[in-house]
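Everything below concerns the one structure shown next.
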Amino acid sequence: MNKEMPLGVKIISILVIISVFVEGIYGGWAAIRSLSDNSFSFIQLFSSSVGVFIIILSFLISLPFIIISIFLWKGKNWARILLIILLTLTIIWDIYSLFKGGIYSIIEIILVIIIIYYLMKKDIKEKFS
């Protein structure tokens with residue numbers, strides 16, 4: 001039985017994959033800048049072997065999110081549950097960041113709560129096998 005996934009689930013899957021790539025590149029750049037004299041440009045990140053290594057490492061760490069997103073799109077309930085757990089951990093991290101001055105964490109907290117609420121709705125849960 002092949003159930004059509006709701007558009008919202010597909011959008012969440014795509015957004016998670018996009019955020020993994022953006023955070024992987026930004027995380028690599030931030031890591032290099034913290035290791036260097038802070039004058040390391042974004043372009044230099046891709047032209048240095050250390051920069052490429054850190055980007056690859058960031059993507060490998062993010063690989064579970066990519067796998068979860070793919071299986072979320074396919075309607076696997078375990079992927080929905082794992083994403084909810086990881087998003088809950090994200091909220092905890094964002095609350096910590098908020099107390100350290102990360103005011104933009106409020107936006108992420110709100111978005112993550114909306115996504116969790118959506119994934120927990122009865123009609124959405126019924127679409128997963």
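To be explicit about the labels: the chains of the structure tokens are called A, B, and onward in the order shown, and within each one the residues are counted from 1, while ligands get numbers from 1 in the order they are shown.
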Within 10 Å of Gly8 of chain A using only C-alpha atoms, minus same-chain residues under 4 positions, as a list in words: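 Answer for this query is Ile12, Ser13, Ile14, Trp73, Ile115, Tyr118, Leu119 and Ile124 of chain A.
Proximity to Leu89 of chain A at 12 Å, evaluated using only C-alpha atoms and with sequence-adjacent residues fewer than 5 positions away removed, yields Leu82, Leu83, Ile84, Asp94, Ile95, Tyr96, Ile109, Val112, Ile113 and Ile116 of chain A.
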Those of segment 4-125 of chain A in DSSP alpha helix (DSSP H), formatted as a ChimeraX atom specification: /A:7-35,42-47,49-73,77-99,105-120,122-125
Pick from A:Pro6, A:Gly75, A:Gly24, A:Gly102, whichever lies nearest to Leu57 of chain A using only C-alpha atoms: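 That would be A:Gly24, the residue with the smallest distance to Leu57 of chain A.
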Residue among A:Phe128, A:Leu15, A:Ser62, A:Val20 lying closest to Lys74 of chain A, counting only C-alpha atoms: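 Answer, going by the shortest atom-to-atom distance: A:Phe128.
Shortest atom-to-atom contact with Ala79 of chain A among A:Ser105, A:Leu98, A:Phe21, A:Lys125: A:Lys125, counting only C-alpha atoms.
One finds atom CA of Tyr104 of chain A at 20.6 Å from atom CA of Tyr117 of chain A.
Nearest residue to Ile17 of chain A among A:Ile54, A:Phe65, A:Ser49, A:Leu60 is A:Phe65, counting only C-alpha atoms.
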